$ cat start05.cif   # mmCIF, C-alpha atoms
data_target
#
loop_
_atom_site.label_atom_id
_atom_site.label_comp_id
_atom_site.auth_asym_id
_atom_site.auth_seq_id
_atom_site.Cartn_x
_atom_site.Cartn_y
_atom_site.Cartn_z
CA ALA A 5 -39.55 73.61 142.31
CA SER A 6 -38.11 76.72 143.86
CA THR A 7 -34.67 78.26 143.74
CA VAL A 8 -32.78 78.11 146.98
CA GLY A 9 -29.96 80.23 145.60
CA TYR A 10 -26.36 80.40 144.50
CA TYR A 11 -23.57 78.96 146.61
CA SER A 12 -19.81 78.82 146.76
CA ALA A 13 -17.51 76.57 148.73
CA THR A 14 -15.80 78.25 151.67
CA PRO A 15 -12.05 78.87 151.15
CA GLU A 16 -11.24 76.75 154.23
CA SER A 17 -13.16 73.74 152.95
CA VAL A 18 -11.56 74.11 149.51
CA THR A 19 -8.11 74.01 151.13
CA ARG A 20 -9.05 70.93 153.18
CA ASN A 21 -10.50 69.24 150.11
CA ARG A 22 -7.30 69.90 148.12
CA ALA A 23 -5.33 68.15 150.84
CA ASP A 24 -7.69 65.18 150.84
CA TRP A 25 -10.48 64.60 148.30
CA ALA A 26 -12.60 62.92 150.98
CA ASN A 27 -12.98 66.21 152.87
CA PRO A 28 -16.37 67.76 152.19
CA LEU A 29 -16.87 71.15 150.61
CA ASP A 30 -18.88 73.51 152.79
CA LEU A 31 -21.23 75.64 150.74
CA VAL A 32 -22.26 79.14 151.75
CA GLU A 33 -24.76 81.36 150.02
CA PHE A 34 -22.97 83.60 147.57
CA PHE A 35 -24.67 85.84 145.00
CA ASP A 36 -22.43 84.70 142.14
CA GLY A 37 -21.45 81.28 143.42
CA LEU A 38 -20.28 78.35 141.35
CA PHE A 39 -23.27 76.25 142.42
CA TRP A 40 -27.01 76.69 142.11
CA ILE A 41 -29.39 74.80 144.37
CA ILE A 42 -33.01 74.18 143.44
CA LYS A 43 -35.53 72.69 145.82
CA ALA A 44 -37.64 70.07 144.06
CA SER A 45 -40.51 68.25 145.76
CA GLU A 46 -38.51 65.53 147.51
CA ARG A 47 -34.94 66.50 146.74
CA ASN A 48 -32.54 69.42 146.66
CA LEU A 49 -30.78 69.50 143.30
CA LEU A 50 -27.38 71.07 142.82
CA PHE A 51 -26.26 72.37 139.42
CA PRO A 52 -23.23 74.31 138.23
CA ASN A 53 -24.16 78.01 137.98
CA PRO A 54 -25.32 78.23 134.32
CA ARG A 55 -24.03 81.79 133.98
CA MET A 56 -20.48 80.97 135.02
CA ARG A 57 -17.68 79.47 132.97
CA ILE A 58 -15.85 76.65 134.73
CA GLU A 59 -12.16 77.45 134.95
CA GLN A 60 -9.32 75.08 135.76
CA THR A 61 -9.11 76.52 139.29
CA ARG A 62 -12.74 75.64 139.98
CA ILE A 63 -12.97 72.17 138.47
CA ARG A 64 -12.12 70.37 141.71
CA GLY A 65 -15.16 71.95 143.29
CA ILE A 66 -17.31 70.83 140.39
CA GLU A 67 -15.79 67.34 140.50
CA TYR A 68 -16.61 67.00 144.18
CA PHE A 69 -20.28 67.10 143.20
CA PHE A 70 -20.17 65.73 139.64
CA GLU A 71 -18.56 63.06 137.51
CA THR A 72 -17.10 64.90 134.50
CA ASN A 73 -14.98 64.46 131.38
CA TYR A 74 -13.29 67.84 131.92
CA SER A 75 -9.86 68.18 130.31
CA ASP A 76 -9.30 71.94 130.09
CA GLU A 77 -11.16 75.23 130.16
CA ASN A 78 -11.41 75.54 126.37
CA TYR A 79 -14.72 73.70 126.21
CA HIS A 80 -17.55 74.86 123.94
CA SER A 81 -20.42 73.90 126.18
CA CYS A 82 -21.31 71.80 129.16
CA THR A 83 -24.42 69.73 129.72
CA VAL A 84 -25.77 68.60 133.07
CA ASP A 85 -26.77 64.99 132.46
CA ALA A 86 -27.83 64.58 136.08
CA PRO A 87 -27.90 67.10 138.91
CA ALA A 88 -26.21 66.26 142.21
CA TYR A 89 -28.43 65.62 145.23
CA VAL A 90 -27.68 67.59 148.37
CA GLU A 91 -29.32 67.76 151.77
CA LEU A 92 -29.23 70.40 154.46
CA VAL A 93 -27.70 68.79 157.57
CA ASN A 94 -26.99 70.93 160.65
CA GLY A 95 -27.02 74.07 158.53
CA LYS A 96 -24.62 72.66 155.91
CA TRP A 97 -25.34 71.33 152.44
CA VAL A 98 -24.13 67.74 152.25
CA ARG A 99 -23.57 65.74 149.06
CA ILE A 100 -25.90 62.76 148.94
CA LYS A 101 -25.29 61.63 145.37
CA LYS A 102 -22.95 62.85 142.65
CA GLY A 103 -24.39 64.21 139.44
CA ARG A 104 -22.88 64.10 135.97
CA VAL A 105 -21.68 66.91 133.70
CA THR A 106 -20.42 66.41 130.15
CA PHE A 107 -18.15 68.95 128.49
CA ALA A 108 -18.08 69.35 124.70
CA TYR A 109 -14.72 70.33 123.16
#

$ encode --input "start05.cif" --output "structure tokens"
Amino acid sequence: ASTVGYYSATPESVTRNRADWANPLDLVEFFDGLFWIIKASERNLLFPNPRMRIEQTRIRGIEYFFETNYSDENYHSCTVDAPAYVELVNGKWVRIKKGRVTFAY
């Protein structure tokens, strides 16, 4: 497996996604992004950036890619039960399958 890098959703796609949850989030490479993509043999796996705390303002982005039990930002820890699968399509990372993240309070 190799690291592809850290990514954040573009502000425009976040705005579109807030208006309608069906709108995709466009990810761009960002040194301290909310997402971390790892290239495994057959799949590209997307994880939340392990070094970054997930705040209320960012949970919609996380929940676009993951099923979660998030209730507020006062969690003790979060566990990635399953990474999300993403694919590079026409230069954009596209969600193929949602992952799952569990927050401990």

$ residues_around --input "start05.cif" --residues "A:Val84" --least-positions-apart "6" --cutoff "8 Å" --atoms "only C-alpha atoms" --output "list in words"
Phe51, Gly103, Arg104, Val105 and Thr106 of chain A

$ resolve_selection --input "start05.cif" --expression "the PyMOL selection byres ((chain A and resi 9-11) around 6)" --output "list in words"
Thr7, Val8, Ser12, Leu31, Val32, Glu33, Phe34, Phe35, Gly37, Phe39, Trp40 and Ile41 of chain A

$ atom_distance --input "start05.cif" --atom1 "atom CA of A:Asp30" --atom2 "atom CA of A:Pro54"
20.1 Å

$ closest_residue --input "start05.cif" --among "A:Arg99, A:Ala23, A:Val93, A:Pro87" --to "A:Ala44" --atoms "all atoms listed in the file"
A:Pro87

$ resolve_selection --input "start05.cif" --expression "the PyMOL selection byres ((chain A and resi 64) around 12)" --output "number ranges by chain"
A: 13, 17-29, 38, 58-63, 65-72, 74-75

$ closest_residue --input "start05.cif" --among "A:Ala86, A:Ala108, A:Met56, A:Leu92" --to "A:Lys43" --atoms "only C-alpha atoms"
A:Leu92

$ atom_distance --input "start05.cif" --atom1 "atom CA of A:Trp97" --atom2 "atom CA of A:Asn48"
9.4 Å
